[in-house]
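Note: the block below is coords-v5.cif and it holds mmCIF, C-alpha atoms.
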data_start
loop_
_atom_site.label_atom_id
_atom_site.label_comp_id
_atom_site.auth_asym_id
_atom_site.auth_seq_id
_atom_site.Cartn_x
_atom_site.Cartn_y
_atom_site.Cartn_z
CA MET A 14 3.49 53.17 16.01
CA ALA A 15 1.49 56.36 15.65
CA ALA A 16 -1.59 56.38 17.85
CA GLY A 17 -4.84 55.77 16.03
CA SER A 18 -3.25 55.22 12.65
CA GLY A 19 -5.76 52.56 11.66
CA LYS A 20 -3.50 49.54 11.23
CA ILE A 21 -2.46 47.87 14.49
CA ASP A 22 1.02 46.36 14.52
CA PRO A 23 1.19 44.13 17.62
CA MET A 24 4.46 42.47 16.57
CA HIS A 25 6.49 45.67 16.80
CA GLN A 26 7.01 45.27 20.55
CA PHE A 27 9.04 42.09 20.01
CA VAL A 28 11.56 43.58 17.58
CA ILE A 29 15.13 43.33 18.84
CA GLU A 30 16.91 46.62 18.19
CA PRO A 31 20.57 47.43 18.76
CA ILE A 32 21.40 50.02 21.41
CA PHE A 33 25.18 50.02 20.93
CA GLY A 34 26.62 48.73 17.67
CA SER A 35 24.61 47.59 14.70
CA PHE A 36 23.54 44.39 12.98
CA GLN A 37 26.22 44.18 10.32
CA ARG A 38 28.03 41.21 8.89
CA GLY A 39 31.05 40.24 10.96
CA ASN A 40 29.95 42.22 13.99
CA PRO A 41 28.88 39.61 16.55
CA PHE A 42 28.82 41.83 19.63
CA VAL A 43 25.74 44.00 19.64
CA PHE A 44 24.16 45.33 22.80
CA THR A 45 20.42 45.10 22.17
CA ASN A 46 17.32 46.10 24.07
CA SER A 47 16.89 42.40 24.87
CA ALA A 48 20.36 42.27 26.48
CA LEU A 49 19.68 45.47 28.42
CA TRP A 50 16.38 44.18 29.79
CA THR A 51 17.98 40.83 30.69
CA LEU A 52 20.64 42.69 32.68
CA ILE A 53 17.94 44.69 34.46
CA ILE A 54 16.12 41.45 35.34
CA LEU A 55 19.31 39.82 36.62
CA ALA A 56 20.13 42.91 38.70
CA THR A 57 16.61 42.85 40.21
CA ILE A 58 16.93 39.15 41.05
CA TYR A 59 20.34 39.81 42.61
CA LEU A 60 19.05 42.68 44.75
CA PHE A 61 15.96 40.67 45.75
CA MET A 62 17.95 37.61 46.79
CA MET A 63 20.76 39.52 48.52
CA GLY A 64 18.25 41.62 50.46
CA GLY A 65 16.78 38.45 51.96
CA MET A 66 19.95 36.46 52.61
CA LYS A 67 21.08 38.27 55.76
CA ARG A 68 20.17 35.17 57.82
CA ALA A 69 18.80 37.19 60.71
CA LEU A 70 17.54 35.13 63.65
CA ILE A 71 14.26 37.04 63.61
CA PRO A 72 13.52 37.44 59.90
CA GLY A 73 12.11 40.65 58.54
CA ARG A 74 9.46 40.76 55.81
CA TRP A 75 11.99 40.66 53.01
CA GLN A 76 13.78 37.63 54.39
CA VAL A 77 10.47 35.82 54.85
CA ALA A 78 9.61 36.53 51.21
CA VAL A 79 12.91 35.14 49.91
CA GLU A 80 12.91 32.15 52.24
CA GLY A 81 9.30 31.43 51.38
CA LEU A 82 10.09 31.43 47.66
CA VAL A 83 13.09 29.13 48.13
CA SER A 84 11.24 26.70 50.38
CA PHE A 85 8.27 26.72 47.99
CA VAL A 86 10.48 25.46 45.15
CA ASP A 87 12.36 23.16 47.55
CA ASP A 88 9.13 21.52 48.74
CA MET A 89 7.98 21.09 45.16
CA VAL A 90 11.28 19.43 44.20
CA GLN A 91 11.20 17.18 47.29
CA ALA A 92 7.64 16.13 46.54
CA ASN A 93 8.38 15.28 42.92
CA ILE A 94 11.90 13.84 42.98
CA GLY A 95 12.36 12.81 46.60
CA LYS A 96 15.51 13.06 48.69
CA GLU A 97 17.82 12.98 45.65
CA GLY A 98 16.12 16.10 44.33
CA ARG A 99 18.19 18.47 46.44
CA LYS A 100 21.12 18.46 43.99
CA TYR A 101 18.87 19.63 41.14
CA LEU A 102 17.42 22.47 43.19
CA PRO A 103 19.95 25.10 41.93
CA TRP A 104 18.91 24.76 38.29
CA ILE A 105 15.19 24.40 38.98
CA PHE A 106 15.19 27.42 41.30
CA THR A 107 17.26 29.44 38.81
CA ALA A 108 14.87 28.66 35.98
CA PHE A 109 11.86 29.37 38.18
CA ILE A 110 13.02 32.71 39.51
CA PHE A 111 14.34 33.90 36.15
CA LEU A 112 11.10 33.06 34.36
CA LEU A 113 9.06 34.55 37.22
CA PHE A 114 10.95 37.85 37.23
CA ALA A 115 11.23 38.09 33.45
CA ASN A 116 7.51 37.39 33.02
CA LEU A 117 6.40 39.75 35.76
CA MET A 118 8.76 42.59 34.84
CA ALA A 119 7.55 42.52 31.26
CA TYR A 120 4.19 43.70 32.61
CA MET A 121 5.64 46.52 34.71
CA PRO A 122 4.10 49.86 33.70
CA VAL A 123 7.42 51.58 33.01
CA GLY A 124 5.90 52.83 29.76
CA VAL A 125 4.51 55.83 31.68
CA PHE A 126 7.98 57.37 31.35
CA PRO A 127 8.31 58.60 27.76
CA GLY A 128 10.74 56.62 25.65
CA VAL A 129 10.98 53.67 28.07
CA HIS A 130 9.44 50.33 27.15
CA PRO A 131 9.62 47.00 28.92
CA PHE A 132 10.96 44.27 26.67
CA THR A 133 9.61 40.75 27.05
CA VAL A 134 12.69 38.54 26.93
CA THR A 135 10.61 35.42 27.56
CA ALA A 136 8.55 36.20 24.46
CA GLN A 137 11.65 35.26 22.43
CA PHE A 138 11.88 31.55 21.71
CA THR A 139 15.68 31.74 21.93
CA PHE A 140 15.46 32.39 25.69
CA THR A 141 12.90 29.78 26.67
CA GLY A 142 14.22 27.33 24.10
CA VAL A 143 17.74 27.46 25.54
CA MET A 144 16.32 27.01 29.06
CA ALA A 145 14.38 23.96 27.85
CA ILE A 146 17.53 22.59 26.20
CA ILE A 147 19.45 22.96 29.49
CA SER A 148 16.67 21.12 31.36
CA PHE A 149 16.64 18.38 28.76
CA ALA A 150 20.43 18.10 28.80
CA ILE A 151 20.28 17.57 32.58
CA VAL A 152 17.64 14.86 32.09
CA LEU A 153 19.70 13.05 29.44
CA GLY A 154 22.94 13.47 31.36
CA VAL A 155 21.48 12.17 34.63
CA GLY A 156 19.70 9.31 32.89
CA PHE A 157 22.70 8.01 30.98
CA TRP A 158 25.12 8.71 33.85
CA LYS A 159 23.09 6.79 36.44
CA HIS A 160 21.56 4.01 34.38
CA GLY A 161 23.68 3.71 31.24
CA LEU A 162 21.83 1.96 28.43
CA LYS A 163 19.15 0.81 30.89
CA PHE A 164 17.87 4.37 30.50
CA PHE A 165 16.05 3.16 27.38
CA SER A 166 13.77 1.05 29.59
CA LEU A 167 12.11 4.40 30.33
CA PHE A 168 10.37 3.98 26.98
CA VAL A 169 8.87 0.57 27.86
CA PRO A 170 6.60 0.73 30.91
CA HIS A 171 6.41 -2.28 33.25
CA GLY A 172 4.01 -5.02 32.24
CA THR A 173 3.84 -4.15 28.57
CA PRO A 174 2.82 -7.28 26.58
CA LEU A 175 5.68 -8.40 24.35
CA PRO A 176 3.93 -7.84 20.97
CA MET A 177 3.19 -4.28 22.00
CA VAL A 178 6.77 -3.37 22.94
CA PRO A 179 7.94 -1.95 19.55
CA LEU A 180 4.81 0.17 19.21
CA ILE A 181 4.94 1.48 22.79
CA PHE A 182 8.65 2.17 22.42
CA VAL A 183 8.10 4.35 19.36
CA VAL A 184 5.19 6.23 20.94
CA GLU A 185 7.06 6.85 24.20
CA LEU A 186 10.18 7.90 22.30
CA ILE A 187 8.22 10.48 20.31
CA SER A 188 6.54 11.77 23.46
CA PHE A 189 9.98 12.02 25.10
CA LEU A 190 11.50 13.87 22.17
CA VAL A 191 8.64 16.39 22.02
CA ARG A 192 9.21 17.34 25.68
CA PRO A 193 11.98 19.95 25.26
CA PHE A 194 10.01 21.54 22.44
CA SER A 195 6.81 21.83 24.44
CA LEU A 196 8.71 22.87 27.57
CA GLY A 197 10.28 25.83 25.79
CA LEU A 198 7.25 26.65 23.68
CA ARG A 199 4.83 26.98 26.60
CA PRO A 200 6.26 30.03 28.43
CA PHE A 201 7.18 31.61 25.10
CA ILE A 202 3.71 31.44 23.57
CA ALA A 203 1.92 32.33 26.81
CA MET A 204 3.93 35.56 27.10
CA PHE A 205 3.76 36.24 23.37
CA ALA A 206 -0.02 35.83 23.22
CA GLY A 207 -0.61 37.85 26.37
CA HIS A 208 1.39 40.82 25.13
CA ILE A 209 -0.25 40.76 21.70
CA LEU A 210 -3.69 40.72 23.35
CA LEU A 211 -2.83 43.65 25.61
CA ASP A 212 -1.32 45.59 22.71
CA ILE A 213 -4.35 45.10 20.47
CA PHE A 214 -6.87 46.11 23.13
CA GLY A 215 -4.71 49.01 24.26
CA ASN A 216 -4.81 50.23 20.67
CA PHE A 217 -8.60 49.86 20.65
CA VAL A 218 -8.78 52.24 23.64
CA VAL A 219 -6.80 54.91 21.77
CA GLN A 220 -8.64 54.43 18.49
CA GLY A 221 -12.03 54.55 20.21
CA LEU A 222 -11.12 57.84 21.90
CA ASN A 223 -9.94 59.25 18.57
CA ALA A 224 -13.16 58.21 16.84
CA GLY A 225 -15.33 60.00 19.44
CA GLY A 226 -19.10 59.50 19.77
CA GLY A 227 -19.94 55.82 20.28
CA GLY A 228 -16.25 55.03 20.16
CA ILE A 229 -15.86 56.39 23.69
CA GLY A 230 -18.13 53.63 25.01
CA VAL A 231 -16.03 51.04 23.19
CA SER A 232 -12.97 52.69 24.69
CA ILE A 233 -14.26 52.37 28.25
CA LEU A 234 -15.20 48.72 27.73
CA CYS A 235 -11.78 47.96 26.24
CA PHE A 236 -10.07 49.76 29.11
CA LEU A 237 -11.90 47.62 31.68
CA PHE A 238 -11.06 44.54 29.61
CA VAL A 239 -7.37 45.49 29.55
CA ALA A 240 -7.42 45.97 33.32
CA PHE A 241 -8.90 42.52 33.94
CA ILE A 242 -6.70 40.84 31.33
CA SER A 243 -3.64 42.41 32.97
CA ALA A 244 -4.58 40.79 36.27
CA LEU A 245 -5.09 37.47 34.46
CA GLU A 246 -1.75 37.81 32.68
CA LEU A 247 0.06 38.38 35.99
CA LEU A 248 -1.44 35.07 37.14
CA VAL A 249 -0.42 33.37 33.89
CA ALA A 250 3.11 34.76 34.22
CA ALA A 251 3.50 33.15 37.66
CA ILE A 252 1.81 29.90 36.57
CA GLN A 253 4.10 29.51 33.56
CA ALA A 254 7.20 29.86 35.74
CA TYR A 255 5.76 27.31 38.17
CA VAL A 256 4.80 24.92 35.37
CA PHE A 257 8.29 25.11 33.86
CA ALA A 258 9.81 24.29 37.26
CA ILE A 259 7.42 21.43 38.03
CA LEU A 260 7.76 19.86 34.58
CA THR A 261 11.57 20.05 34.81
CA ALA A 262 11.34 18.32 38.20
CA LEU A 263 9.05 15.62 36.77
CA TYR A 264 11.33 14.93 33.82
CA ILE A 265 14.37 14.74 36.09
CA ASN A 266 12.39 12.35 38.32
CA ASP A 267 11.80 10.12 35.28
CA ALA A 268 15.52 10.06 34.55
CA GLU A 269 16.41 9.51 38.21
CA HIS A 270 13.99 6.69 38.99
CA LEU A 271 13.03 5.22 35.57
CA HIS A 272 9.32 4.78 36.37
CA MET B 13 -9.21 33.71 -3.80
CA ASP B 14 -6.01 35.68 -3.35
CA LEU B 15 -3.38 34.91 -0.73
CA ALA B 16 -4.20 37.82 1.59
CA SER B 17 -7.83 36.85 2.14
CA ALA B 18 -6.95 33.17 2.37
CA LYS B 19 -4.47 34.04 5.11
CA VAL B 20 -7.07 35.90 7.13
CA ILE B 21 -9.60 33.08 6.78
CA GLY B 22 -6.98 30.49 7.73
CA ALA B 23 -5.97 32.45 10.82
CA GLY B 24 -9.61 32.71 11.85
CA LEU B 25 -10.06 28.96 11.44
CA ALA B 26 -6.93 28.33 13.50
CA ALA B 27 -8.39 30.45 16.29
CA ILE B 28 -11.14 27.82 16.76
CA GLY B 29 -8.50 25.64 18.40
CA VAL B 30 -8.05 28.20 21.17
CA GLY B 31 -11.72 27.84 22.05
CA ALA B 32 -11.36 24.06 22.14
CA ALA B 33 -8.46 24.41 24.55
CA SER B 34 -10.58 26.65 26.78
CA ILE B 35 -13.01 23.73 27.13
CA GLY B 36 -10.09 21.57 28.21
CA VAL B 37 -8.78 24.08 30.76
CA GLY B 38 -12.28 24.53 32.17
CA PHE B 39 -12.65 20.77 32.43
CA VAL B 40 -9.34 20.44 34.30
CA PHE B 41 -10.19 23.07 36.90
CA GLY B 42 -13.83 22.01 37.09
CA SER B 43 -12.96 18.40 37.81
CA PHE B 44 -10.38 19.46 40.37
CA LEU B 45 -12.90 21.66 42.14
CA GLN B 46 -15.55 18.95 42.09
CA SER B 47 -13.31 16.32 43.58
CA SER B 48 -11.63 18.68 46.04
CA LEU B 49 -15.00 19.69 47.46
CA ARG B 50 -15.78 16.02 48.04
CA ASN B 51 -12.47 15.46 49.81
CA PRO B 52 -10.93 18.80 50.81
CA ALA B 53 -8.21 17.11 52.87
CA ALA B 54 -6.66 15.57 49.75
CA ALA B 55 -6.91 18.70 47.60
CA ASP B 56 -3.62 20.33 48.54
CA SER B 57 -1.54 17.28 47.70
CA GLN B 58 -2.94 17.21 44.17
CA GLN B 59 -2.15 20.81 43.20
CA GLY B 60 0.96 19.80 41.28
CA ARG B 61 -1.10 17.42 39.14
CA LEU B 62 -3.68 20.16 38.67
CA PHE B 63 -1.09 22.46 37.13
CA ILE B 64 0.39 19.70 34.98
CA GLY B 65 -3.05 18.97 33.58
CA PHE B 66 -3.64 22.67 33.09
CA ALA B 67 -0.31 23.04 31.29
CA ALA B 68 -1.01 20.11 28.98
CA ALA B 69 -4.47 21.39 28.07
CA GLU B 70 -3.27 24.95 27.63
CA LEU B 71 -0.30 24.07 25.44
CA LEU B 72 -2.53 22.67 22.70
CA GLY B 73 -4.55 25.87 22.61
CA LEU B 74 -1.36 27.91 22.51
CA MET B 75 -0.24 25.84 19.54
CA ALA B 76 -3.42 26.82 17.70
CA PHE B 77 -2.57 30.44 18.48
CA ALA B 78 0.97 29.92 17.20
CA VAL B 79 -0.40 28.46 13.97
CA ALA B 80 -2.63 31.52 13.55
CA MET B 81 0.35 33.84 14.13
CA ILE B 82 2.53 31.90 11.69
CA ILE B 83 -0.19 32.06 9.03
CA LEU B 84 -0.68 35.79 9.56
CA TYR B 85 2.90 36.97 9.87
CA ALA B 86 5.38 34.33 8.74
CA ILE B 87 3.95 33.20 5.39
#

Rewrite the structure from the file as structure tokens, please.
Amino acid sequence: MAAGSGKIDPMHQFVIEPIFGSFQRGNPFVFTNSALWTLIILATIYLFMMGGMKRALIPGRWQVAVEGLVSFVDDMVQANIGKEGRKYLPWIFTAFIFLLFANLMAYMPVGVFPGVHPFTVTAQFTFTGVMAIISFAIVLGVGFWKHGLKFFSLFVPHGTPLPMVPLIFVVELISFLVRPFSLGLRPFIAMFAGHILLDIFGNFVVQGLNAGGGGIGVSILCFLFVAFISALELLVAAIQAYVFAILTALYINDAEHLH
Amino acid sequence: MDLASAKVIGAGLAAIGVGAASIGVGFVFGSFLQSSLRNPAAADSQQGRLFIGFAAAELLGLMAFAVAMIILYAI
């Protein structure tokens, strides 16, 4: 978008564009900017984890960082699921660290190099939606594998009066079926909204400078606002990854222990 | 009223929901702070519940934002 061209187009940053190949009929393999940024995120996670998995007796700073992150998620899983939670740790930690890195790296200021833009993969509902579907598939699989048809007693809490059972069952079933939707929607919209906000106020800075006069004051205010909002968005990025992990753990706990 | 102006008004009305969610998020953290200052020893064990409550309150505001975006860009 041309700077200061009046109309702000905050949705342009989410457009998926092909890098190799093109979007034509019958051409399923297209390497897009989304795929490229996902590969960069995965490479960063790989380097980060491998750098800290040397298992030195006296850990360096890097190893402490990696071990701290793993034990943070491990403690959370233990607290929410109990001893059986250890076997779900791989997926919960994978989801946590992928969301954390994807969210944080989308805010990296690589835009200072001309022609380079960070792409927010978690601002695409396909990414977070598929992660929510995997979480939900684990919940359903564990529930039906361990408890069979008794899994449906999850929808009727203990001590429900008999006349209330059909009503409670329907309400609990709806609340259960909304879970994967809300689980995937939450990180998606948080990232989406944050980037739109930053884009709009970043445009205000440029437009205020172009206007001159009183616009410069508006520009300075907007610049300070963008700086503070960026700090807030870094916090939100981490919180959303944590919330995804903790909600996945809670839902798996429901399936594991049935209230 | 033509569609373009109706869209803008509708998106503005949908943005009210974001403000309502901000009340909810403030209430969650405010209550947590109030109770954790009364019993600081128990505060750390309740942080998971704090973030669950925060997530539930925030999601509803984010939905209002999503409605605004759908009205503006998808219709």

For this file, the PyMOL selection byres ((chain A and resi 33-48) around 12) selects which residues, as a PyMOL selection string?
chain A and resi 26-32+49-55+115+119+129-137+139-140

At a cut-off of 9 Å, list the chain B residues touching chain A, using only C-alpha atoms, as a list of chain:residue names.
B:Gly60, B:Phe63, B:Ile64, B:Ala67, B:Glu70, B:Leu71, B:Leu74, B:Met75, B:Phe77, B:Ala78, B:Tyr85

What is the CA of Val77 (chain A)-CA of Asn116 (chain A) distance in Å, reported with one decimal?
22.1 Å

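Going from CA of Glu269 (chain A) to CA of Ala68 (chain B) covers 22.4 Å.
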
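Atom pair CA of Thr141 (chain A) / CA of Ile265 (chain A) has a distance of 17.8 Å (rounded to one decimal).
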
Specify as a PyMOL selection string each residue included when the PyMOL selection byres ((chain A and resi 210-213) around 10) is applied to this file.
chain A and resi 21-26+120+204-209+214-218+235+238-240+242-243+246

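Residues in contact with Phe168 (chain A) at up to 9 Å, not including ones fewer than 4 positions away on its chain and judged by all atoms listed in the file, are Phe164, Ile181, Phe182, Val183, Val184, Glu185, Leu186 and Phe189 of chain A.
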
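Selection check: the PyMOL selection byres ((chain A and resi 232) around 7) on the shown file gives Phe217, Val218, Gly221, Leu222, Gly228, Ile229, Gly230, Val231, Ile233, Leu234, Cys235 and Phe236 of chain A.
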
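With distances taken over all atoms listed in the file, B:Ile35 is the one residue among B:Ala55, B:Leu15, B:Ile35, B:Leu25 lying closest to Gly73 (chain B).
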
For Ala80 (chain B), work out the shell of residues within 8 Å, counting all atoms listed in the file and skipping chain neighbours fewer than 2 positions away, then give it as a list in words.
Gly22, Ala23, Gly24, Ala26, Ala27, Ala76, Phe77, Ala78, Ile82, Ile83 and Leu84 of chain B

Env of Ile105 (chain A): 9 Å cut, atoms = all atoms listed in the file, seq-sep filter 2 positions within chain, self excluded. Answer as a PyMOL selection string.
chain A and resi 86+90+101-103+107-110+148+257-259+261-262
